[in-house]
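Asker: One structure is given below, represented as structure tokens, and several questions about it will come after.
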Amino acid sequence: MPKVNGASLLRGLIGTAGLLAVLEAAGRLGAWDTERLPLVSTVLLRAGELLTDPEFLVSARSSLTTWALALLVTIAIAVPAGLLLGMVKPAEMAVRPLIEFLRPIPSVALIPLVILLYSETTHMRITVAVYAALWPVLINTIYGVRDVDPLAKETLRSFGFGPGSVAYRVVLPGAAPFIATGIRLAASVAIVLVVTSELIAGGIEGVGVYITIAQSGNRLDLMIGATILVGLFGILVNALLVAGENRLFRWHRARAGAAT
Amino acid sequence: MLELVDLSHTYGSYRAIDRVNLKVAQGEVVCIVGPSGCGKSTLLRSIAGLIKPTGGTVLLDGKPVAGSPENLAVVFQDYSRSLYPWMSALANVGLPLRRRGLDKKRRDAAAMAALEQVGLAGAAAKYPWEMSGGMQQRVSIARALAYQPKLLLMDEPFGSVDAQTREELEDLTLRVCAHHGMTILLITHDVDESVYVGDRVVVLSKAPGTVVGDLPVQLPGPRDQIHTRELEAFVRLRAEVGRLVRGMTPHRNTHGFGVETR
Amino acid sequence: MLELVDLSHTYGSYRAIDRVNLKVAQGEVVCIVGPSGCGKSTLLRSIAGLIKPTGGTVLLDGKPVAGSPENLAVVFQDYSRSLYPWMSALANVGLPLRRRGLDKKRRDAAAMAALEQVGLAGAAAKYPWEMSGGMQQRVSIARALAYQPKLLLMDEPFGSVDAQTREELEDLTLRVCAHHGMTILLITHDVDESVYVGDRVVVLSKAPGTVVGDLPVQLPGPRDQIHTRELEAFVRLRAEVGRLVRGMTPHRNTHGFGVETR
Amino acid sequence: MASRQSGGRHVRRATSGVLRFWIVPVTLVLWELLTRVTESPYFPPPSRIATQFYDMWLSGPASQLLLTESALDTFGPSLGRLLAGWTIAGVLGIALGVALGRIRGLAEYTDPVLQFLRALPPPLLVPIFFVLFKIGTPTQLAVIVFGVIWPVLVNTTDGVRAVDKGFLETARVFQFSRYDILRRVILPSAMPKIFAGLRLSLSLALILMVVSELVGSNSGIGYSLLYAQQSYDYTGVWAHIVLLGVLGLLFNALFLVAEGRVLSWHANARRNV
Amino acid sequence: TGEPESSATGGSGGLEKSALTIGVVAVPDAAPIQIALDRGFFKEEGLDVKISVEVGGAAATPKLVAGQLDAMLGNYVALFLAQQAGAGKFKVVADSYQAAPDNFVIMAKGDNAAINTAADLAGKKIAVNTLNAIGTLAVTATAKVAGVTINEKEQYVAMPLPEMGAALETGTVDAIWVAEPFISANAKAGAKKVADSMAGPLENFPIAGWVMTDKFTSENPKTVAAFQRALAKAQTLAASDRKVVEEALPKYTKIDAATAAVIALGTYSTSLSEARLQRVADTLTEYGMIPAGFDVKALMAPAAPAQ
Ligand SMILES: Nc1ncnc2c1ncn2[C@@H]1O[C@H](COP(=O)(O)OP(=O)(O)OP(=O)(O)O)[C@@H](O)[C@H]1O
Ligand SMILES: Nc1ncnc2c1ncn2[C@@H]1O[C@H](COP(=O)(O)OP(=O)(O)OP(=O)(O)O)[C@@H](O)[C@H]1O
Ligand SMILES: [Mg+2]
Ligand SMILES: [Mg+2]
């Protein structure tokens with residue numbers, strides 16, 4: 001997690017601008033058929049326009065709410081479960097077959113079945129997103145728990161603290177950097193799945209629904225424009241999470257060797 | 001109060017301690033000395049219930065203990081790993097006091113007092129990684145003392161501080177301990193220290209460690225860094241412990257280690 | 001060979017060392033003593049190029065150094081964090097030798113020899129987490145000695161071993177060092193050790209550390225654990241260093257630390 | 001004596017195997033009961049799924065390991081693409097992750113772009129890949145790689161940044177070569193986190209394999225699933241789900257064996273003895 | 001969605017449920033619903049209708065079953081298959097759309113000399129938007145007339161309509177089955193028409209109708225009737241005046257007004273006829289997609305009583 005400051009922000013902008021310039025030039029020089037894949041500038045323009053399009057904004061707000069709820073539910077389920085499975089080896093061994101069986105099942109196969117469980121479209125979307133976002137947090141938490149220094153746990157145990165206290169006071173903070181990585185992964189996975197479930201299962205509102213409608217008119221520029229906004233949201237979320245990690249895990253950074 | 005009966009521990013196939021027998025009375029300060037790698041830390045971790053000894057039993061007040069005994073504090077040899085990097089020195093010291101059912105204010109006050117006693121009043125807000133090795137070790141000691149356990153296990157607790165601080169910490173420990181009637185098991189490499197601090201000095205053999213000496217320390221009056229160390233009884237005991245430890249050092253004949261110099 | 005000019009370092013707003021000046025000649029063994037937290041490790045880390053001092057310069061053979069100097073070895077105070085847990089003791093010791101352009105067989109042989117010298121021939125295949133504190137520390141020393149650096153920095157290298165092993169390691173270090181013409185900077189808390197090992201003893205004041213004493217150690221003949229320590233010059237020097245360090249200990253008047261006992 | 005001991009070990013291993021997998025029969029029985037009670041055409045009982053599974057894929061000749069022609073045709077190309085995609089993503093992810101973790105400037109210049117890409121739903125990228133990569137397999141590989149690289153990349157970057165200062169300082173002081181620092185200090189130390197990422201991406205690769213075959217493909221497990229879905233063959237859909245789950249179990253078991261070898265030091269060092 | 005509202009809001013007296021969510025695919029078939037909304041036909045009946053945009057019949061069917069949708073515009077082929085598979089019990093409450101010439105066209109790359117007519121489709125890869133639906137039926141039937149048998153599992157490739165152009169261009173597929181506005185777009189990009197898939201056996205073929213679950217129709221007869229009445233007005237308008245459809249299209253799709261003005265539209269139906277549904281069943285049986293003896297009656301909802 002590099003520290004976010006003015007200079008690094010500027011470098012990020014330079015990097016992004018550079019890439020965009022190269023893509024624009026490539027498009028103009030005929031690297032691909034711009035009828036089928038619009039120029040970067042066209043798409044960016046559309047993305048900008050979308051931000052003032054009330055129809056899109058309603059959809060965006062709906063997707064955002066779904067995403068936030070999904071991420072919360074994910075964390076609420078996966079972190080405690082990961083702590084438990086990481087600390088209690090027999091529990092992990094027992095449910096491992098189940099977890100490993102469930103993990104590779106694609107949401108595209110599940111969506112039609114999940115639909116049947118809910119009469120509320122939002123609930124269905126949240127379930128689909130949670131189902132996919134759960135794993136990064138769960139697996140990272142399990143690995144993080146295993147990475148906690150045993151002496152740190154022993155110290156607390158020797159003072160007579162029970163497993164619950166050890167979990168809460170040592171294992172959780174000790175594994176937190178791993179968990180945070182998992183949450184950062186889950187945040188973008190949840191974005192991806194909220195939009196995907198909207199794309200596949202339709203609905204009244206949602207960025208995915210908007211994209212479906214754009215598709216109906218063969219409006220690639222709008223589709224990609226909306227996609228770009230999804231990606232930009234991803235940048236924003238990541239930046240916020242990294243900033244949070246930097247605040248919370250000062251100790252972790254202090255112990256880790258700085259990048260050269 | 002504490003009794004070890006035929007305590008043994010084997011890591012995989014490596015025997016670290018072998019049938020150690022030891023009785024420690026309530027309020028006693030027992031020092032354990034022995035060559036490096038002879039199993040002192042293993043012994044201490046067995047008593048603390050952190051490893052399950054592969055043989056023998058640990059009795060506390062006559063009852064065998066499973067897990068960590070109640071009312072125990074440990075100062076680990078690897079103190080830097082036993083402090084929580086996400087907490088300030090104050091929070092580290094205060095953490096075990098939650099077990100004592102104190103509210104935050106009282107915990108902080110007790111932790112602050114303990115830090116003051118080890119000379120770290122000014123560093124209460126520092127994080128472990130902002131402290132020198134000796135400071136971290138002192139935080140670890142402060143944490144144990146503030147907890148006021150009935151049984152205190154210390155694994156080379158004064159190894160990383162200068163001579164003067166070391167003496168002060170020795171005295172502090174004895175004082176706090178006497179005041180609260182703690183029982184102490186202290187591992188040290190410093191023969192002088194073992195005689196000065198201990199009511200008894202137990203000498204372990206080279207690995208697998210067994211008890212090869214158990215010397216009561218009978219020194220008159222309250223101990224004092226300057227006068228006690230000058231007593232004839234002190235000098236004699238020190239020499240005796242020294243001889244015992246040396247006799248047990250493994251390297252001399254096995255690897256020709258250090259042969260050239262003498 | 002090594003020269004520190006007005007070396008200062010400030011962590012955030014906390015000044016750890018303050019304009020330290022020091023000259024070390026080729027082949028010299030300089031011991032640094034000073035109270036806990038006075039900035040000894042900070043000084044050593046500045047020389048090793050691990051932190052960029054906020055003031056002053058480090059000159060090596062007259063040239064200012066940036067980054068870690070060539071041909072340097074360090075024994076860290078926190079030895080357990082400087083050994084790689086994914087490697088055996090042998091591999092840990094052998095790793096730096098890759099820089100020396102040795103093939104695997106010669107590396108292993110050299111590493112094995114070094115482990116033997118520190119009395120760990122039997123533990124070559126063990127991983128750091130399978131070793132006691134003292135053993136880990138000795139692996140760290142073996143690594144530095146096997147590397148045969150021109151400049152060797154040691155931060156309390158003998159703190160976790162028993163007295164006898166400590167003496168043997170002291171002698172070993174001096175012997176290896178003399179043989180290869182190394183220059184050594186050794187941080188210690190043990191005043192005896194500083195006088196026994198050093199050609200010079202440098203005393204640092206309490207934080208922010210500055211040089212308050214720089215005593216040449218002139219002892220006749222090759223050193224010897226028993227006879228050297230009995231020399232009158234040794235005893236006198238030791239007392240002098242002791243006085244200097246004590247005078248500099250911060251706690252006495254600030255926190256009332258240890259007041260009761262004296 | 002020795003034989004008795006090894007006999008005991010066998011028994012113990014067998015019981016631990018039973019203890020380990022008790023959840024499988026329990027789940028199956030519950031599942032069967034539940035589906036039999038609800039009788040929804042969308043949720044057929046596992047026994048029926050198993051029958052269809054067997055008919056579709058497992059009723060072949062012994063010479064083909066019981067796999068049917070259709071199984072060979074369906075699984076072969078799909079699994080090939082999956083493994084190829086995962087391998088490419090793993091290598092790329094680790095390489096990029098190490099670069100980003102160690103070279104500060106690089107991370108700063110590229111971070112926004114990467115975070116941007118990470119949030120893009122692969123289904124939306126398929127049309128773009130279509131234009132950029134042309135025909136079939138390259139596009140499908142691109143979809144898989146693009147979809148599964150992120151856990152490896154993010155975990156590697158984080159793992160590499162979190163290498164203990166003590167380890168790095170030692171390396172600097174002894175002037176390890178760049179290669180040695182990377183190979184013998186940074187990578188081993190980051191390995192636990194890298195493996196967490198690889199493990200996540202392995203099952204993701206199965207998912208992305210399916211996603212990549214949904215569009216513009218007429219072979220493979222994903223296509224076969226789509227076909228069942230669009231024929232309202234729900235038992236068939238479930239058979240595919242079970243197939244993916246079983247493949248996931250299988251890959252994961254292999255993966256854990258590999259991880260056990262590479263990370264044995266870690267498991268042991270972190271164990272409370 | 002929406003909690004059942006017991007009391008009716010309009011003057012039509014005691015609707016069982018007034019808030020309805022209707023699933024439609026964003027294609028011209030669905031224009032009547034937009035027309036009914038715009039003209040307030042639903043409101044007049046006391047209905048509060050929301051449009052949910054769906055990707056296709058197969059995806060929307062479970063939503064209907066689960067109650068996330070109260071009604072949907074279903075294409076008949078998908079609907080018959082779903083009913084046949086037991087995925088639910090459905091009722092067609094109104095007919096909506098039937099094919100007209102050049103609604104759905106098979107296209108190939110302009111410079112591909114090997115494909116000129118439906119007879120050239122033997123062994124070629126053909127892109128359709130959904131497998132096992134109207135697209136595959138239409139292409140298979142068109143090819144059959146030309147004497148070619150299509151191997152469904154080998155030759156059909158599913159992909160979203162907007163991606164077909166690129167797939168054709170790069171040779172991923174040899175032919176594509178598209179509707180407007182993609183016919184115009186691909187023609188502009190150099191694709192040529194190979195055949196009109198809605199000619200011959202599929203001339204005037206019924207495409208889509210308004211579907212509810214059996215359960216919903218029996219529990220909410222008044223609501224169903226109100227919905228039917230409102231929709232009937234819109235269907236009539238759409239059937240009689242192309243302009244009305246052209247106005248509605250850009251409101252629920254991204255087909256712009258200019259495109260709407262020129263694209264080929266199908267015919268909007270004004271009544272539900274069992275005979276027409278029977279034709280769908282017969283055709284499906286002919287191509288082996290459903291067994292003979294499919295009960296069309298079970299799909300028919302009673303027509304709305306006049307208000
Ligand atoms: N986790 C472990 N796995 C295997 N062997 C171990 C483990 N921990 C310790 N040992 C071995 O057990 C022996 C005793 O170790 P222990 O740490 O108890 O020694 P010690 O007396 O505390 O030594 P020191 O004074 O150097 O700290 C050593 O030889 C060591 O190699
Ligand atoms: N990373 C850091 N951030 C902030 N302050 C630090 C940091 N490292 C050390 N310090 C402070 O600098 C001072 C000197 O620390 P240093 O480690 O150099 O002491 P030392 O002389 O080696 O002590 P000891 O003998 O106890 O090891 C201490 O007061 C410590 O709190
Ligand atoms: Mg020890
Ligand atoms: Mg230090």
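Chain labels follow the order of the structure tokens: the first chain is A, the next B, and so on; residue numbering restarts at 1 in every chain, and ligands are counted from 1 in their shown order.
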Taking only C-alpha atoms and all ligand atoms into account, which residues have an atom no farther than 6 Å from ligand 4? I'd like them as number ranges by chain.
Answerer: B: 132-133; C: 40-41
Asker: Counting only C-alpha atoms and all ligand atoms, what residues are within 8 Å of ligand 1, given as a PyMOL selection string?
Answerer: (chain B and resi 10-12+14-17+34-44+77+155+188-189+207-209) or (chain C and resi 123+126+129-136+160-162) or (chain D and resi 269+273)
Asker: Which neighbours of Asn220 (chain E) fall inside 8 Å, counting only C-alpha atoms, when residues of the same chain fewer than 2 positions from it are skipped, and could you give them as a PDB file with N, CA, C and O atoms, in the first residue's frame?
Answerer:
ATOM      1  N   LEU E  15     -59.195  -4.345  -7.420  1.00  0.00           N
ATOM      2  CA  LEU E  15     -58.103  -5.127  -8.004  1.00  0.00           C
ATOM      3  C   LEU E  15     -57.400  -5.880  -6.886  1.00  0.00           C
ATOM      4  O   LEU E  15     -57.197  -5.336  -5.802  1.00  0.00           O
ATOM      5  N   GLU E  16     -57.035  -7.133  -7.158  1.00  0.00           N
ATOM      6  CA  GLU E  16     -56.321  -7.889  -6.138  1.00  0.00           C
ATOM      7  C   GLU E  16     -54.928  -7.309  -5.924  1.00  0.00           C
ATOM      8  O   GLU E  16     -54.379  -7.313  -4.838  1.00  0.00           O
ATOM      9  N   LYS E  17     -54.343  -6.842  -7.010  1.00  0.00           N
ATOM     10  CA  LYS E  17     -52.989  -6.308  -6.926  1.00  0.00           C
ATOM     11  C   LYS E  17     -52.867  -5.188  -7.944  1.00  0.00           C
ATOM     12  O   LYS E  17     -53.233  -5.380  -9.109  1.00  0.00           O
ATOM     13  N   PHE E 216     -50.806 -16.825 -10.729  1.00  0.00           N
ATOM     14  CA  PHE E 216     -51.119 -15.401 -10.657  1.00  0.00           C
ATOM     15  C   PHE E 216     -52.472 -15.116 -11.309  1.00  0.00           C
ATOM     16  O   PHE E 216     -53.293 -14.362 -10.791  1.00  0.00           O
ATOM     17  N   THR E 217     -52.718 -15.722 -12.450  1.00  0.00           N
ATOM     18  CA  THR E 217     -53.985 -15.436 -13.135  1.00  0.00           C
ATOM     19  C   THR E 217     -55.160 -15.938 -12.326  1.00  0.00           C
ATOM     20  O   THR E 217     -56.201 -15.288 -12.275  1.00  0.00           O
ATOM     21  N   SER E 218     -55.009 -17.072 -11.670  1.00  0.00           N
ATOM     22  CA  SER E 218     -56.165 -17.572 -10.933  1.00  0.00           C
ATOM     23  C   SER E 218     -56.376 -16.817  -9.621  1.00  0.00           C
ATOM     24  O   SER E 218     -57.485 -16.702  -9.142  1.00  0.00           O
ATOM     25  N   LYS E 222     -59.125 -10.109 -11.438  1.00  0.00           N
ATOM     26  CA  LYS E 222     -59.487  -8.723 -11.789  1.00  0.00           C
ATOM     27  C   LYS E 222     -58.279  -7.960 -12.286  1.00  0.00           C
ATOM     28  O   LYS E 222     -58.349  -7.181 -13.232  1.00  0.00           O
ATOM     29  N   THR E 223     -57.158  -8.172 -11.629  1.00  0.00           N
ATOM     30  CA  THR E 223     -55.934  -7.495 -12.060  1.00  0.00           C
ATOM     31  C   THR E 223     -55.569  -7.926 -13.478  1.00  0.00           C
ATOM     32  O   THR E 223     -55.231  -7.106 -14.330  1.00  0.00           O
ATOM     33  N   VAL E 224     -55.692  -9.221 -13.712  1.00  0.00           N
ATOM     34  CA  VAL E 224     -55.357  -9.725 -15.039  1.00  0.00           C
ATOM     35  C   VAL E 224     -56.261  -9.076 -16.078  1.00  0.00           C
ATOM     36  O   VAL E 224     -55.795  -8.616 -17.124  1.00  0.00           O
TER      37      VAL E 224
END
Asker: Please, which residues of region 21-257 of chain B, numbered as in this document, come out helix (DSSP H, G or I) from DSSP, as a ChimeraX atom specification?
Answerer: /B:40-47,79-82,89-100,104-117,121-123,128-130,133-147,163-180,191-197,227-230,232-248,251-254
Asker: Dump as a JSON list (two decimals) with C-alpha atoms, in the first residue's frame the residues of chain E that approach chain A to within 8 Å, counting only C-alpha atoms.
Answerer:
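Resulting contents of part.json:
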[["chain", "number", "residue", "atom", "x", "y", "z"],
["E", 1, "THR", "CA", -42.09, -7.09, -6.36],
["E", 23, "GLY", "CA", -40.52, -7.98, -17.70],
["E", 26, "ALA", "CA", -35.73, -4.20, -25.05],
["E", 27, "VAL", "CA", -36.87, -5.01, -28.62],
["E", 50, "LYS", "CA", -43.06, -0.80, -13.75],
["E", 51, "ILE", "CA", -40.90, -2.10, -16.59],
["E", 52, "SER", "CA", -38.13, -4.51, -15.77],
["E", 53, "VAL", "CA", -35.66, -4.97, -18.59],
["E", 54, "GLU", "CA", -34.83, -8.59, -19.22],
["E", 55, "VAL", "CA", -32.14, -10.20, -21.30],
["E", 59, "ALA", "CA", -33.55, -15.72, -17.90],
["E", 60, "ALA", "CA", -36.89, -14.05, -17.19],
["E", 62, "PRO", "CA", -37.56, -18.04, -13.24],
["E", 63, "LYS", "CA", -38.19, -14.45, -12.20],
["E", 65, "VAL", "CA", -42.02, -18.10, -11.26],
["E", 66, "ALA", "CA", -40.38, -16.56, -8.20],
["E", 67, "GLY", "CA", -42.68, -13.57, -8.28],
["E", 68, "GLN", "CA", -40.06, -10.95, -9.05],
["E", 161, "LEU", "CA", -26.57, -9.30, -30.81],
["E", 162, "PRO", "CA", -24.10, -6.39, -30.63],
["E", 165, "GLY", "CA", -20.77, -8.10, -36.18],
["E", 166, "ALA", "CA", -17.29, -8.48, -34.79],
["E", 181, "PRO", "CA", -31.31, -2.30, -35.40],
["E", 182, "PHE", "CA", -28.50, -4.74, -35.98],
["E", 185, "ALA", "CA", -25.76, -1.66, -38.55],
["E", 189, "ALA", "CA", -20.43, -2.42, -41.97],
["E", 252, "TYR", "CA", -37.42, 1.97, -23.52],
["E", 253, "THR", "CA", -34.62, 1.06, -25.89],
["E", 254, "LYS", "CA", -31.65, 2.97, -27.21],
["E", 255, "ILE", "CA", -32.96, 2.73, -30.74],
["E", 256, "ASP", "CA", -32.92, 6.36, -31.85]]
Asker: Need the shell around Val148 (chain D): protein/DNA/RNA residues with any atom at most 6 Å away, counting only C-alpha atoms. Skip same-chain ones fewer than 3 positions apart. Format as a PyMOL selection string?
Answerer: chain D and resi 145+201+204-205
Asker: Could you write those residues out with N, CA and C atoms, as a tab-separated table (two decimals), in the first residue's frame?
Answerer:
chain	number	residue	atom	x	y	z
D	145	VAL	N	-7.57	-15.20	-18.33
D	145	VAL	CA	-6.42	-14.52	-17.72
D	145	VAL	C	-6.87	-13.22	-17.08
D	201	SER	N	-7.54	-17.90	-7.30
D	201	SER	CA	-7.70	-17.75	-8.74
D	201	SER	C	-7.91	-19.08	-9.43
D	204	LEU	N	-11.51	-19.48	-9.46
D	204	LEU	CA	-12.02	-18.44	-10.37
D	204	LEU	C	-11.81	-18.84	-11.82
D	205	ALA	N	-10.70	-19.53	-12.07
D	205	ALA	CA	-10.40	-19.93	-13.45
D	205	ALA	C	-11.49	-20.87	-13.98
Asker: Residues of chain C near chain A: apply a cut-off of 12 Å, count only C-alpha atoms, and supply the list as a list in words.
Answerer: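 That gives Leu50, Ile51, Gly67, Arg81 and Trp129 of chain C for chain C.
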Asker: Could you save the residues just selected, with N, CA, C and O atoms, as a JSON list (two decimals), in the first residue's frame?
Answerer:
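The result, written out as result.json:
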[["chain", "number", "residue", "atom", "x", "y", "z"],
["C", 50, "LEU", "N", 21.27, 1.51, 6.75],
["C", 50, "LEU", "CA", 19.88, 1.06, 6.80],
["C", 50, "LEU", "C", 18.93, 2.20, 7.10],
["C", 50, "LEU", "O", 17.75, 2.14, 6.76],
["C", 51, "ILE", "N", 19.43, 3.21, 7.78],
["C", 51, "ILE", "CA", 18.63, 4.43, 7.86],
["C", 51, "ILE", "C", 19.49, 5.56, 7.36],
["C", 51, "ILE", "O", 20.72, 5.52, 7.45],
["C", 67, "GLY", "N", 23.97, 4.20, 1.10],
["C", 67, "GLY", "CA", 23.55, 2.80, 1.10],
["C", 67, "GLY", "C", 24.49, 1.97, 1.95],
["C", 67, "GLY", "O", 25.30, 2.51, 2.71],
["C", 81, "ARG", "N", 14.64, -11.90, 13.99],
["C", 81, "ARG", "CA", 14.02, -11.36, 12.78],
["C", 81, "ARG", "C", 15.01, -11.25, 11.62],
["C", 81, "ARG", "O", 14.65, -10.82, 10.54],
["C", 129, "TRP", "N", 13.19, -21.62, 13.78],
["C", 129, "TRP", "CA", 12.12, -21.78, 14.78],
["C", 129, "TRP", "C", 12.24, -23.10, 15.52],
["C", 129, "TRP", "O", 11.44, -23.39, 16.39]]
Asker: Set the cut-off to 10 Å and count only C-alpha atoms: what are the residues of chain C that reach chain D? Output as a count of residues only.
Answerer: 39
Asker: For region 238-248 of chain A, work out the shell of residues within 12 Å, counting only C-alpha atoms and skipping chain neighbours fewer than 6 positions away, then give it as number ranges by chain.
Answerer: A: 1-5, 8-9, 12, 173-174, 176-189, 191, 231-232, 254; B: 85-87; D: 108, 111-119, 154, 158
Asker: Just the residues within 12 Å of Ala239 (chain C), please, counting only C-alpha atoms, with nothing from its chain fewer than 6 positions along; format it as a list in words.
Answerer: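 Listing them by chain and then by number gives Val191, Asp192, Ser194, Val195, Leu215, Glu232, Ala233, Val245 and Arg246 of chain C.
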Asker: I need the chosen residues saved as a tab-separated table (two decimals), in the first residue's frame, with N, CA, C and O atoms.
Answerer:
chain	number	residue	atom	x	y	z
C	191	VAL	N	30.03	-4.15	30.65
C	191	VAL	CA	31.22	-3.30	30.73
C	191	VAL	C	32.49	-4.16	30.69
C	191	VAL	O	33.46	-3.86	29.99
C	192	ASP	N	32.45	-5.27	31.40
C	192	ASP	CA	33.58	-6.21	31.38
C	192	ASP	C	33.92	-6.61	29.95
C	192	ASP	O	35.07	-6.57	29.53
C	194	SER	N	33.20	-5.11	27.20
C	194	SER	CA	33.70	-4.03	26.36
C	194	SER	C	35.19	-3.83	26.56
C	194	SER	O	35.93	-3.60	25.61
C	195	VAL	N	35.61	-3.96	27.79
C	195	VAL	CA	37.03	-3.75	28.06
C	195	VAL	C	37.85	-4.96	27.58
C	195	VAL	O	38.93	-4.83	27.03
C	215	LEU	N	37.81	5.67	25.53
C	215	LEU	CA	38.97	5.20	26.29
C	215	LEU	C	39.74	4.15	25.53
C	215	LEU	O	39.18	3.10	25.18
C	232	GLU	N	45.52	-5.58	36.61
C	232	GLU	CA	45.13	-4.36	37.31
C	232	GLU	C	44.59	-3.32	36.33
C	232	GLU	O	43.59	-2.66	36.59
C	233	ALA	N	45.24	-3.24	35.18
C	233	ALA	CA	44.81	-2.27	34.16
C	233	ALA	C	43.36	-2.55	33.74
C	233	ALA	O	42.56	-1.64	33.55
C	245	VAL	N	29.36	5.15	32.37
C	245	VAL	CA	28.02	4.71	31.96
C	245	VAL	C	26.99	5.07	33.03
C	245	VAL	O	25.94	5.62	32.74
C	246	ARG	N	27.36	4.76	34.27
C	246	ARG	CA	26.42	5.04	35.35
C	246	ARG	C	26.08	6.52	35.43
C	246	ARG	O	24.93	6.90	35.62
Asker: Can you list, as a count of residues only, every protein, DNA or RNA residue that comes within 8 Å of Leu231 (chain E) when you count only C-alpha atoms, leaving out same-chain residues fewer than 2 positions away?
Answerer: 11
